[in-house]
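K.L.:
Structure file target-v3.txt (compact mmCIF, C-alpha atoms and all ligand atoms) right here:
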```
# COMPACT_ATOMS: atom_id res chain seq x y z
CA MET A 1 -3.83 9.98 -20.99
CA ARG A 2 -0.36 9.40 -19.55
CA VAL A 3 -0.55 8.07 -16.00
CA LEU A 4 2.29 7.92 -13.46
CA VAL A 5 2.32 5.19 -10.82
CA THR A 6 5.07 5.55 -8.21
CA GLY A 7 5.92 2.24 -6.52
CA GLY A 8 4.40 0.42 -9.51
CA ALA A 9 6.65 -2.65 -9.11
CA GLY A 10 5.25 -3.37 -5.63
CA PHE A 11 2.13 -5.25 -4.56
CA ILE A 12 -0.71 -2.73 -4.99
CA GLY A 13 1.21 -0.78 -7.65
CA SER A 14 1.65 -3.75 -10.00
CA ASN A 15 -2.03 -4.72 -9.63
CA LEU A 16 -2.98 -1.10 -10.38
CA VAL A 17 -0.74 -0.91 -13.47
CA ARG A 18 -2.32 -4.14 -14.78
CA LYS A 19 -5.75 -2.52 -14.43
CA LEU A 20 -4.74 0.85 -15.94
CA VAL A 21 -3.19 -0.57 -19.11
CA SER A 22 -6.51 -2.23 -19.93
CA ASN A 23 -8.27 1.17 -20.08
CA PRO A 24 -8.35 2.41 -23.71
CA ILE A 25 -8.06 6.06 -22.64
CA VAL A 26 -4.67 5.31 -21.09
CA GLU A 27 -1.93 5.77 -23.68
CA LYS A 28 1.00 5.01 -21.37
CA VAL A 29 1.58 4.03 -17.75
CA ILE A 30 4.87 5.34 -16.42
CA VAL A 31 6.21 3.50 -13.38
CA VAL A 32 8.84 5.08 -11.16
CA ASP A 33 10.24 2.56 -8.73
CA LEU A 34 13.51 2.32 -6.84
CA LEU A 35 13.26 -1.49 -6.91
CA THR A 36 13.98 -1.87 -3.22
CA TYR A 37 13.75 -5.37 -1.70
CA ALA A 38 9.94 -4.94 -2.07
CA GLY A 39 9.92 -3.83 -5.71
CA HIS A 40 9.98 -6.81 -8.04
CA LEU A 41 10.08 -6.63 -11.85
CA PRO A 42 8.47 -10.08 -12.30
CA ASN A 43 5.33 -8.48 -10.79
CA LEU A 44 5.00 -6.62 -14.12
CA ARG A 45 6.19 -9.33 -16.50
CA ASP A 46 2.75 -10.09 -18.02
CA ILE A 47 2.03 -6.45 -18.86
CA SER A 48 2.21 -5.30 -22.47
CA LYS A 49 5.44 -3.36 -22.99
CA ASN A 50 3.73 -1.06 -25.55
CA LYS A 51 1.84 0.70 -22.80
CA LEU A 52 4.40 0.55 -19.99
CA LYS A 53 7.48 2.63 -19.31
CA LEU A 54 9.64 1.82 -16.28
CA ILE A 55 11.97 4.35 -14.71
CA ILE A 56 14.19 3.08 -11.92
CA GLY A 57 14.66 5.94 -9.49
CA ASP A 58 13.93 7.50 -6.12
CA VAL A 59 10.71 9.51 -5.70
CA ALA A 60 12.59 11.79 -3.29
CA ASN A 61 14.74 12.97 -6.23
CA GLY A 62 12.93 16.21 -7.17
CA GLN A 63 14.87 16.74 -10.41
CA LEU A 64 13.98 13.26 -11.64
CA MET A 65 10.33 13.63 -10.64
CA ASP A 66 10.08 17.04 -12.35
CA ASN A 67 11.41 15.51 -15.58
CA ILE A 68 8.77 12.78 -15.37
CA ILE A 69 5.75 14.77 -14.16
CA CYS A 70 6.25 17.43 -16.89
CA ASP A 71 4.80 14.85 -19.27
CA VAL A 72 1.99 13.09 -17.35
CA ASP A 73 -1.70 13.87 -16.82
CA PHE A 74 -2.49 11.92 -13.66
CA VAL A 75 -0.42 10.74 -10.68
CA PHE A 76 -0.92 7.80 -8.32
CA HIS A 77 1.64 8.05 -5.52
CA LEU A 78 2.16 4.64 -3.91
CA ALA A 79 5.94 4.41 -3.45
CA ALA A 80 6.73 3.84 0.20
CA GLU A 81 8.52 1.69 2.70
CA THR A 82 5.56 -0.34 3.92
CA HIS A 83 6.42 -3.01 6.47
CA VAL A 84 5.54 -2.11 10.08
CA THR A 85 7.97 -4.63 11.60
CA ARG A 86 10.83 -3.40 9.41
CA SER A 87 10.12 0.20 10.59
CA ILE A 88 10.64 -0.92 14.18
CA TYR A 89 14.03 -2.35 13.27
CA ASP A 90 15.34 0.63 11.27
CA ASN A 91 13.16 3.57 10.28
CA TYR A 92 15.49 5.95 8.38
CA GLN A 93 14.32 4.89 4.92
CA PHE A 94 10.68 5.16 6.01
CA PHE A 95 10.97 8.88 6.74
CA HIS A 96 13.10 9.44 3.63
CA THR A 97 10.73 7.75 1.18
CA ASP A 98 7.33 8.11 2.81
CA VAL A 99 7.67 11.75 3.94
CA MET A 100 10.39 13.33 1.76
CA GLY A 101 9.30 11.27 -1.27
CA THR A 102 5.76 12.61 -0.85
CA GLN A 103 7.08 16.15 -0.45
CA SER A 104 9.06 15.78 -3.68
CA VAL A 105 6.11 14.31 -5.65
CA SER A 106 3.69 16.96 -4.31
CA ASN A 107 6.10 19.80 -5.15
CA CYS A 108 6.58 18.51 -8.69
CA VAL A 109 2.83 18.07 -9.26
CA LEU A 110 2.27 21.66 -8.12
CA ARG A 111 5.16 23.05 -10.16
CA GLN A 112 4.19 21.24 -13.35
CA SER A 113 0.47 22.06 -12.92
CA SER A 114 1.38 25.73 -12.70
CA LYS A 115 3.87 25.61 -15.61
CA ARG A 116 1.47 23.77 -17.92
CA LYS A 117 -1.61 25.69 -16.68
CA ILE A 118 -3.49 22.46 -15.96
CA SER A 119 -4.48 20.72 -12.75
CA ILE A 120 -2.71 17.35 -12.47
CA PRO A 121 -4.66 15.16 -10.01
CA LEU A 122 -2.55 13.51 -7.30
CA ILE A 123 -3.96 10.38 -5.68
CA HIS A 124 -1.95 9.79 -2.53
CA LEU A 125 -2.05 6.33 -0.96
CA SER A 126 -2.05 6.77 2.78
CA THR A 127 -3.05 3.96 5.17
CA SER A 128 -5.49 3.14 7.97
CA GLU A 129 -2.38 2.64 10.16
CA VAL A 130 -2.39 6.44 10.70
CA TYR A 131 -5.43 5.99 12.99
CA GLY A 132 -3.81 3.64 15.52
CA THR A 133 -6.18 1.46 17.56
CA ALA A 134 -9.89 2.03 16.88
CA GLU A 135 -11.58 4.31 19.41
CA THR A 136 -14.99 3.76 17.83
CA GLU A 137 -16.65 0.60 16.50
CA ASN A 138 -16.05 1.55 12.85
CA MET A 139 -13.47 4.25 12.05
CA ASP A 140 -14.48 7.02 9.69
CA GLU A 141 -12.20 9.74 8.30
CA THR A 142 -12.73 11.95 11.38
CA HIS A 143 -11.15 9.35 13.71
CA PRO A 144 -8.11 10.87 15.51
CA LEU A 145 -4.69 10.11 14.06
CA ASN A 146 -2.67 8.12 16.62
CA PRO A 147 0.10 6.39 14.63
CA CYS A 148 1.63 3.62 16.77
CA SER A 149 4.69 2.59 14.71
CA PRO A 150 7.39 4.55 12.85
CA TYR A 151 5.78 3.34 9.58
CA ALA A 152 2.41 4.74 10.66
CA ALA A 153 4.05 7.99 11.82
CA ALA A 154 5.85 8.46 8.49
CA LYS A 155 2.61 7.78 6.60
CA ALA A 156 0.70 10.19 8.87
CA GLY A 157 3.34 12.84 8.08
CA ALA A 158 2.91 12.26 4.35
CA ASP A 159 -0.89 12.21 4.62
CA ARG A 160 -0.97 15.57 6.42
CA LEU A 161 1.68 16.98 4.08
CA VAL A 162 -0.60 16.38 1.08
CA TYR A 163 -3.52 17.88 3.01
CA SER A 164 -1.48 20.97 3.91
CA TYR A 165 -0.45 21.43 0.24
CA ALA A 166 -4.12 21.25 -0.76
CA LYS A 167 -5.04 23.90 1.79
CA THR A 168 -2.00 26.15 1.22
CA TYR A 169 -1.41 25.83 -2.52
CA GLY A 170 -4.67 24.30 -3.79
CA LEU A 171 -3.04 20.94 -4.72
CA ASN A 172 -5.66 18.89 -6.60
CA SER A 173 -5.42 15.78 -4.44
CA LEU A 174 -7.24 12.87 -2.86
CA ILE A 175 -5.86 11.07 0.18
CA ILE A 176 -6.91 7.41 0.17
CA ARG A 177 -6.61 5.44 3.42
CA PRO A 178 -6.86 1.76 2.52
CA PHE A 179 -7.27 -0.71 5.37
CA ASN A 180 -5.28 -3.97 5.08
CA GLN A 181 -4.90 -5.44 1.62
CA PHE A 182 -4.47 -9.02 0.44
CA GLY A 183 -4.11 -10.60 -2.99
CA PRO A 184 -1.61 -11.81 -5.59
CA TYR A 185 1.93 -10.34 -5.79
CA GLN A 186 2.09 -9.39 -2.08
CA HIS A 187 5.52 -9.79 -0.45
CA PRO A 188 5.77 -12.86 1.85
CA GLU A 189 6.85 -10.65 4.76
CA LYS A 190 3.19 -9.50 5.12
CA ALA A 191 0.76 -11.52 7.26
CA ILE A 192 -1.45 -13.42 4.78
CA PRO A 193 1.24 -14.32 2.21
CA ARG A 194 3.55 -15.15 5.12
CA PHE A 195 1.02 -17.67 6.42
CA ILE A 196 0.40 -19.12 2.96
CA THR A 197 4.06 -19.37 1.93
CA SER A 198 5.03 -20.82 5.33
CA ALA A 199 2.35 -23.50 4.92
CA ILE A 200 3.50 -24.27 1.34
CA ASN A 201 7.07 -24.63 2.64
CA GLY A 202 5.96 -26.91 5.50
CA GLU A 203 6.86 -24.29 8.15
CA LEU A 204 4.85 -23.11 11.16
CA LEU A 205 2.53 -20.12 10.62
CA PRO A 206 3.96 -17.31 12.82
CA VAL A 207 1.38 -15.22 14.74
CA HIS A 208 2.47 -12.25 16.89
CA GLY A 209 1.31 -12.23 20.56
CA ASP A 210 -2.05 -13.92 21.21
CA GLY A 211 -3.18 -13.19 17.64
CA LEU A 212 -6.29 -11.35 18.82
CA ALA A 213 -5.34 -8.08 17.07
CA GLU A 214 -8.04 -7.44 14.45
CA ARG A 215 -7.75 -5.94 10.98
CA ASP A 216 -10.14 -5.08 8.16
CA TRP A 217 -9.19 -6.84 4.89
CA THR A 218 -9.83 -5.84 1.28
CA HIS A 219 -8.92 -7.74 -1.86
CA VAL A 220 -6.34 -5.75 -3.84
CA LEU A 221 -8.41 -6.17 -7.02
CA ASP A 222 -11.33 -4.30 -5.42
CA THR A 223 -8.91 -1.56 -4.37
CA THR A 224 -7.21 -1.27 -7.75
CA ASN A 225 -10.55 -1.33 -9.62
CA PHE A 226 -11.57 1.59 -7.45
CA LEU A 227 -8.27 3.49 -7.89
CA ALA A 228 -8.25 2.92 -11.65
CA SER A 229 -11.84 4.21 -11.89
CA LEU A 230 -10.70 7.58 -10.55
CA ILE A 231 -9.06 8.53 -13.86
CA ASP A 232 -12.53 8.62 -15.47
CA LYS A 233 -13.94 10.96 -12.84
CA ASN A 234 -13.89 14.73 -12.61
CA LEU A 235 -11.75 15.27 -9.52
CA SER A 236 -11.09 18.99 -9.94
CA SER A 237 -13.10 19.92 -6.82
CA TYR A 238 -11.09 17.61 -4.55
CA LYS A 239 -8.47 19.36 -2.46
CA GLY A 240 -6.96 17.02 0.11
CA ASP A 241 -10.22 15.14 0.81
CA VAL A 242 -9.69 11.88 2.70
CA PHE A 243 -11.42 8.60 1.83
CA ASN A 244 -11.25 5.31 3.73
CA ILE A 245 -11.51 2.11 1.78
CA GLY A 246 -12.13 -1.19 3.52
CA SER A 247 -14.70 -3.93 4.06
CA ASP A 248 -16.22 -2.41 7.24
CA ASN A 249 -15.60 -5.73 9.06
CA SER A 250 -12.62 -6.91 11.05
CA ILE A 251 -11.19 -10.34 11.77
CA SER A 252 -8.42 -11.46 14.15
CA ILE A 253 -4.98 -12.41 12.85
CA LYS A 254 -5.33 -15.76 14.69
CA LYS A 255 -8.58 -16.48 12.83
CA ILE A 256 -6.88 -15.69 9.51
CA ALA A 257 -4.01 -18.04 10.35
CA GLU A 258 -6.61 -20.73 11.14
CA LEU A 259 -8.43 -20.11 7.84
CA VAL A 260 -5.12 -20.43 5.96
CA ALA A 261 -4.19 -23.57 7.96
CA ASP A 262 -7.56 -25.10 6.96
CA GLU A 263 -6.47 -24.85 3.31
CA PHE A 264 -3.60 -27.30 4.02
CA SER A 265 -3.59 -30.82 5.43
CA ASN A 266 -1.03 -30.37 8.20
CA ALA A 267 -0.31 -26.64 8.76
CA LYS A 268 0.23 -25.49 12.36
CA ILE A 269 0.34 -22.06 14.04
CA ASN A 270 3.28 -20.84 16.15
CA PHE A 271 2.71 -17.91 18.55
CA ILE A 272 5.76 -15.60 18.59
CA ASP A 273 6.63 -12.41 20.54
CA GLU A 274 4.16 -9.54 20.38
CA ARG A 275 5.17 -6.75 18.01
CA PRO A 276 5.79 -3.45 19.83
CA GLY A 277 3.44 -0.65 18.77
CA GLN A 278 0.78 -3.24 17.92
CA VAL A 279 -2.61 -1.83 16.93
CA VAL A 280 -5.37 -3.75 18.72
CA ARG A 281 -8.24 -3.29 16.28
CA HIS A 282 -8.94 -1.59 12.95
CA THR A 283 -12.43 -1.63 11.45
CA CYS A 284 -13.26 0.65 8.55
CA ASP A 285 -16.23 2.89 7.92
CA SER A 286 -16.10 3.35 4.15
CA SER A 287 -19.50 5.03 3.74
CA LYS A 288 -17.96 8.31 2.48
CA ALA A 289 -16.11 6.61 -0.42
CA LYS A 290 -19.20 4.48 -1.20
CA LYS A 291 -21.41 7.55 -1.37
CA MET A 292 -19.06 9.96 -3.17
CA LEU A 293 -16.72 7.81 -5.26
CA GLY A 294 -18.58 4.56 -5.96
CA TRP A 295 -16.37 2.34 -3.75
CA LYS A 296 -17.66 -1.22 -3.48
CA ILE A 297 -16.43 -4.61 -2.33
CA THR A 298 -16.93 -7.65 -4.55
CA GLN A 299 -14.67 -10.22 -2.87
CA SER A 300 -14.42 -11.29 0.77
CA LEU A 301 -11.35 -12.79 2.40
CA LYS A 302 -13.13 -16.06 3.13
CA SER A 303 -14.52 -16.46 -0.39
CA SER A 304 -11.20 -15.68 -2.12
CA LEU A 305 -8.70 -17.42 0.15
CA SER A 306 -8.62 -20.78 -1.71
CA GLU A 307 -7.96 -18.96 -5.00
CA LEU A 308 -5.18 -16.92 -3.37
CA VAL A 309 -3.53 -20.05 -1.93
CA GLU A 310 -3.67 -21.52 -5.46
CA TRP A 311 -2.00 -18.36 -6.83
CA TYR A 312 0.90 -18.67 -4.37
CA ARG A 313 1.21 -22.40 -5.18
CA ASN A 314 1.34 -21.69 -8.91
CA ASN A 315 3.62 -18.65 -8.83
CA GLN A 316 6.49 -19.74 -6.63
CA ASP A 317 9.03 -18.28 -9.05
CA ILE A 318 7.63 -14.82 -8.19
CA TRP A 319 7.76 -15.07 -4.39
CA LEU A 320 10.54 -17.60 -3.71
CA PRO A 321 13.31 -15.01 -4.34
CA HIS A 322 11.78 -12.93 -1.51
CA MET A 323 12.10 -15.70 1.06
CA LEU A 324 15.63 -14.68 2.04
CA VAL A 325 14.39 -11.25 3.19
CA LYS A 326 11.05 -12.15 4.76
CA ASP A 327 12.35 -12.33 8.34
CA ILE A 328 13.22 -9.28 10.45
CA GLU A 329 15.58 -9.73 13.35
CA LEU A 330 13.92 -7.63 16.07
CA GLU A 331 15.83 -6.52 19.13
CA ILE A 332 13.20 -5.26 21.52
CA ILE A 333 15.26 -2.72 23.42
CA PRO A 334 14.45 0.96 23.80
CA GLY A 335 15.05 2.61 20.44
CA CYS A 336 15.55 -0.85 18.89
CA LYS A 337 18.23 -0.89 16.22
CA ILE A 338 18.21 2.71 15.02
CA LYS A 339 21.24 3.13 12.81
CA HIS A 340 21.03 6.71 11.59
N1 LIG B 401 -0.45 -3.36 1.45
C1 LIG B 401 -1.30 -2.83 2.31
O1 LIG B 401 -1.97 -3.57 3.08
C2 LIG B 401 -1.52 -1.34 2.38
C3 LIG B 401 -2.56 -0.86 3.18
C4 LIG B 401 -2.75 0.52 3.23
C5 LIG B 401 -1.94 1.38 2.52
N2 LIG B 401 -0.92 0.90 1.77
C6 LIG B 401 -0.09 1.87 1.03
O2 LIG B 401 -0.19 1.57 -0.35
C7 LIG B 401 1.06 1.85 -1.00
C8 LIG B 401 1.57 0.62 -1.72
O3 LIG B 401 1.71 -0.44 -0.76
P1 LIG B 401 2.25 -1.88 -1.19
O4 LIG B 401 1.70 -2.85 -0.22
O5 LIG B 401 2.04 -2.09 -2.63
O6 LIG B 401 3.79 -1.71 -0.91
P2 LIG B 401 5.06 -2.55 -1.43
O7 LIG B 401 6.04 -2.52 -0.30
O8 LIG B 401 4.64 -3.85 -1.99
O9 LIG B 401 5.61 -1.68 -2.65
C9 LIG B 401 6.25 -0.43 -2.46
C10 LIG B 401 6.97 -0.10 -3.75
O10 LIG B 401 7.59 1.19 -3.59
C11 LIG B 401 8.91 1.11 -4.12
N3 LIG B 401 9.75 2.12 -3.45
C12 LIG B 401 10.18 2.12 -2.16
N4 LIG B 401 10.95 3.22 -1.93
C13 LIG B 401 10.96 3.93 -3.09
C14 LIG B 401 11.56 5.17 -3.46
N5 LIG B 401 12.29 5.89 -2.60
N6 LIG B 401 11.38 5.61 -4.73
C15 LIG B 401 10.65 4.88 -5.63
N7 LIG B 401 10.07 3.70 -5.32
C16 LIG B 401 10.22 3.24 -4.06
C17 LIG B 401 9.37 -0.30 -3.84
O11 LIG B 401 10.45 -0.70 -4.65
C18 LIG B 401 8.09 -1.08 -4.11
O12 LIG B 401 7.98 -1.45 -5.46
C19 LIG B 401 2.00 2.34 0.10
O13 LIG B 401 2.01 3.75 0.07
C20 LIG B 401 1.38 1.82 1.37
O14 LIG B 401 1.72 2.64 2.48
C21 LIG B 401 -0.68 -0.45 1.69
```
Do you think you could lay out the structure here as structure tokens?
P.N.:
Amino acid sequence: MRVLVTGGAGFIGSNLVRKLVSNPIVEKVIVVDLLTYAGHLPNLRDISKNKLKLIIGDVANGQLMDNIICDVDFVFHLAAETHVTRSIYDNYQFFHTDVMGTQSVSNCVLRQSSKRKISIPLIHLSTSEVYGTAETENMDETHPLNPCSPYAAAKAGADRLVYSYAKTYGLNSLIIRPFNQFGPYQHPEKAIPRFITSAINGELLPVHGDGLAERDWTHVLDTTNFLASLIDKNLSSYKGDVFNIGSDNSISIKKIAELVADEFSNAKINFIDERPGQVVRHTCDSSKAKKMLGWKITQSLKSSLSELVEWYRNNQDIWLPHMLVKDIELEIIPGCKIKH
């Protein structure tokens, strides 16, 4: 099997590639990645080159994607601009990559499926951010979509685009809505690595607002085990079905900062301005994925935090180059800094 992973040099993508290459039925993993500030080749440096092919390019380039998808059997589409705060500062690239990139990938999967008379499964990585603040205790897949940031809006557009292609053209696709992820290889601009790397560097741990916003956290290795398991399943009946994946528990950002601070002798929290478009609470209901696709959690945030701190301590050469681009200069004025 030849498997395409778009965005494979990023956080979840590189963890997924690592998992896929260990499956004997996978002959080759093809990564397409534009290597933006978030894409980082050292994330893939330990992976056997026999099984990996890297193509540097833009998923929104339909010609390029056609040339790649004509020779693959399975597609994981992860490439995206992913940082909420960055989308508040300048959102052009978010709509280009997250929406138009998904349109391009979906078109090519359809075109090549029809040309080759096979059904190429497309696993689209959406996000729980499409839901906005939880209106129910735990959010299942029927929760209304109320995206609160340009990132969430772009992802909601992509999510519904894949759904519409499934309904209109029969695109063989699953839409996965992961809740927040943590684990090795995550960019230090994101909350948990930002806390850990700040503490390692002797800086204050920055928490937006009062820190009471709650999120549901999943270890990336649970997520990538689950995603990688999909290649062994018969997915032909799935046409735009949505599946949440998360721990079904939420925890405040302040509490996480405190847990990280506890891992260090003298780390301190600094409360900074609230982020506009903040989502107050996200708690997953993952019962559908548990029942239908075998989703399960093996690691909790609390039980794996010490190991994660150790990983960031031992792999500074991977994340130190990112430190120059971890801060976003936010101007909280109407429209913020929209450049395009
Ligand atoms: N990390 C999370 O907590 C989380 C939660 C839910 C959903 N997701 C979704 O999972 C996917 C992966 O997230 P991540 O955290 O690994 O993101 P990431 O920012 O770490 O990686 C994104 C990757 O996409 C690449 N990329 C960006 N624009 C591209 C383009 N135009 N063409 C090709 N490649 C491009 C980047 O270079 C990078 O390697 C995204 O779709 C994201 O929306 C992430």
K.L.:
How big is the axis-aligned box around all listed atoms of ligand LIG 401 (chain B) once 6 Å goes on each side, and where's its centre, in Å to one decimal, as AutoDock Vina command-line options?
P.N.:
```
--center_x 4.8 --center_y 1.0 --center_z -1.2 --size_x 27.0 --size_y 21.7 --size_z 20.9
```
K.L.:
Write out as an MDAnalysis selection string the residues lying within 12 Å of range 91-94 of chain A, counting all atoms listed in the file and excluding same-chain residues fewer than 2 positions away.
P.N.:
chainID A and resid 36 58 60 79:89 96:102 149:158 335:340
K.L.:
So, with only C-alpha atoms as the atoms that count, which of A:Asn249, A:Asn266, A:Thr298, A:Ser303 lies closest to Glu137 in chain A?
P.N.:
A:Asn249
K.L.:
Enumerate residues in contact with ligand LIG 401 (chain B): an atom-to-atom distance of at most 7 Å, counting all atoms listed in the file. Format the result as a ChimeraX atom specification.
P.N.:
/A:6-13,32-40,57-60,78-83,97,101,125-128,155,177-182,186-187
K.L.:
Taking C-alpha atoms for each residue, export the selection above as a PDB file, in the coordinates of the input.
P.N.:
```pdb
ATOM      1  CA  THR A   6       5.070   5.550  -8.210  1.00  0.00           C
ATOM      2  CA  GLY A   7       5.920   2.240  -6.520  1.00  0.00           C
ATOM      3  CA  GLY A   8       4.400   0.420  -9.510  1.00  0.00           C
ATOM      4  CA  ALA A   9       6.650  -2.650  -9.110  1.00  0.00           C
ATOM      5  CA  GLY A  10       5.250  -3.370  -5.630  1.00  0.00           C
ATOM      6  CA  PHE A  11       2.130  -5.250  -4.560  1.00  0.00           C
ATOM      7  CA  ILE A  12      -0.710  -2.730  -4.990  1.00  0.00           C
ATOM      8  CA  GLY A  13       1.210  -0.780  -7.650  1.00  0.00           C
ATOM      9  CA  VAL A  32       8.840   5.080 -11.160  1.00  0.00           C
ATOM     10  CA  ASP A  33      10.240   2.560  -8.730  1.00  0.00           C
ATOM     11  CA  LEU A  34      13.510   2.320  -6.840  1.00  0.00           C
ATOM     12  CA  LEU A  35      13.260  -1.490  -6.910  1.00  0.00           C
ATOM     13  CA  THR A  36      13.980  -1.870  -3.220  1.00  0.00           C
ATOM     14  CA  TYR A  37      13.750  -5.370  -1.700  1.00  0.00           C
ATOM     15  CA  ALA A  38       9.940  -4.940  -2.070  1.00  0.00           C
ATOM     16  CA  GLY A  39       9.920  -3.830  -5.710  1.00  0.00           C
ATOM     17  CA  HIS A  40       9.980  -6.810  -8.040  1.00  0.00           C
ATOM     18  CA  GLY A  57      14.660   5.940  -9.490  1.00  0.00           C
ATOM     19  CA  ASP A  58      13.930   7.500  -6.120  1.00  0.00           C
ATOM     20  CA  VAL A  59      10.710   9.510  -5.700  1.00  0.00           C
ATOM     21  CA  ALA A  60      12.590  11.790  -3.290  1.00  0.00           C
ATOM     22  CA  LEU A  78       2.160   4.640  -3.910  1.00  0.00           C
ATOM     23  CA  ALA A  79       5.940   4.410  -3.450  1.00  0.00           C
ATOM     24  CA  ALA A  80       6.730   3.840   0.200  1.00  0.00           C
ATOM     25  CA  GLU A  81       8.520   1.690   2.700  1.00  0.00           C
ATOM     26  CA  THR A  82       5.560  -0.340   3.920  1.00  0.00           C
ATOM     27  CA  HIS A  83       6.420  -3.010   6.470  1.00  0.00           C
ATOM     28  CA  THR A  97      10.730   7.750   1.180  1.00  0.00           C
ATOM     29  CA  GLY A 101       9.300  11.270  -1.270  1.00  0.00           C
ATOM     30  CA  LEU A 125      -2.050   6.330  -0.960  1.00  0.00           C
ATOM     31  CA  SER A 126      -2.050   6.770   2.780  1.00  0.00           C
ATOM     32  CA  THR A 127      -3.050   3.960   5.170  1.00  0.00           C
ATOM     33  CA  SER A 128      -5.490   3.140   7.970  1.00  0.00           C
ATOM     34  CA  LYS A 155       2.610   7.780   6.600  1.00  0.00           C
ATOM     35  CA  ARG A 177      -6.610   5.440   3.420  1.00  0.00           C
ATOM     36  CA  PRO A 178      -6.860   1.760   2.520  1.00  0.00           C
ATOM     37  CA  PHE A 179      -7.270  -0.710   5.370  1.00  0.00           C
ATOM     38  CA  ASN A 180      -5.280  -3.970   5.080  1.00  0.00           C
ATOM     39  CA  GLN A 181      -4.900  -5.440   1.620  1.00  0.00           C
ATOM     40  CA  PHE A 182      -4.470  -9.020   0.440  1.00  0.00           C
ATOM     41  CA  GLN A 186       2.090  -9.390  -2.080  1.00  0.00           C
ATOM     42  CA  HIS A 187       5.520  -9.790  -0.450  1.00  0.00           C
TER      43      HIS A 187
END
```
K.L.:
Around (-2.8, -11.8, 18.0) in the file's own coordinates, what residues are found within 10 Å if you use only C-alpha atoms, given back as a list of chain:residue names?
P.N.:
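Residues satisfying the cut-off, written out: A:Val207, A:His208, A:Gly209, A:Asp210, A:Gly211, A:Leu212, A:Ala213, A:Glu214, A:Ser252, A:Ile253, A:Lys254, A:Lys255, A:Ala257, A:Phe271, A:Ile272, A:Asp273, A:Glu274, A:Arg275, A:Gln278, A:Val280.
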K.L.:
Please provide as a list in words all residues within 7 Å of Leu174 in chain A, with the sequence filter that same-chain residues fewer than 2 positions apart are discarded (counting only C-alpha atoms).
P.N.:
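Non-adjacent residues within range: Leu122, Ile123, His124, Ile176, Tyr238, Lys239, Gly240, Asp241 and Val242 of chain A.
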K.L.:
Can you complete the atoms of range 219-231 of chain A to N, CA and C atoms and list them as a CSV table (one decimal), in the frame of the given file?
P.N.:
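Saved to rebuild12.csv:
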```csv
chain,number,residue,atom,x,y,z
A,219,HIS,N,-9.7,-7.1,-0.8
A,219,HIS,CA,-8.9,-7.7,-1.9
A,219,HIS,C,-8.3,-6.6,-2.7
A,220,VAL,N,-7.0,-6.8,-3.1
A,220,VAL,CA,-6.3,-5.8,-3.8
A,220,VAL,C,-7.0,-5.5,-5.2
A,221,LEU,N,-7.8,-6.4,-5.7
A,221,LEU,CA,-8.4,-6.2,-7.0
A,221,LEU,C,-9.6,-5.2,-6.8
A,222,ASP,N,-10.3,-5.3,-5.7
A,222,ASP,CA,-11.3,-4.3,-5.4
A,222,ASP,C,-10.7,-2.9,-5.3
A,223,THR,N,-9.6,-2.9,-4.6
A,223,THR,CA,-8.9,-1.6,-4.4
A,223,THR,C,-8.4,-1.0,-5.7
A,224,THR,N,-7.8,-1.8,-6.5
A,224,THR,CA,-7.2,-1.3,-7.8
A,224,THR,C,-8.3,-1.0,-8.8
A,225,ASN,N,-9.4,-1.7,-8.8
A,225,ASN,CA,-10.6,-1.3,-9.6
A,225,ASN,C,-11.0,0.1,-9.2
A,226,PHE,N,-11.1,0.3,-8.0
A,226,PHE,CA,-11.6,1.6,-7.4
A,226,PHE,C,-10.6,2.7,-7.8
A,227,LEU,N,-9.3,2.5,-7.6
A,227,LEU,CA,-8.3,3.5,-7.9
A,227,LEU,C,-8.3,3.8,-9.4
A,228,ALA,N,-8.3,2.7,-10.2
A,228,ALA,CA,-8.2,2.9,-11.6
A,228,ALA,C,-9.5,3.7,-12.1
A,229,SER,N,-10.6,3.5,-11.5
A,229,SER,CA,-11.8,4.2,-11.9
A,229,SER,C,-11.7,5.7,-11.7
A,230,LEU,N,-10.8,6.1,-10.8
A,230,LEU,CA,-10.7,7.6,-10.6
A,230,LEU,C,-10.3,8.4,-11.8
A,231,ILE,N,-9.5,7.8,-12.7
A,231,ILE,CA,-9.1,8.5,-13.9
A,231,ILE,C,-10.2,9.0,-14.8
```
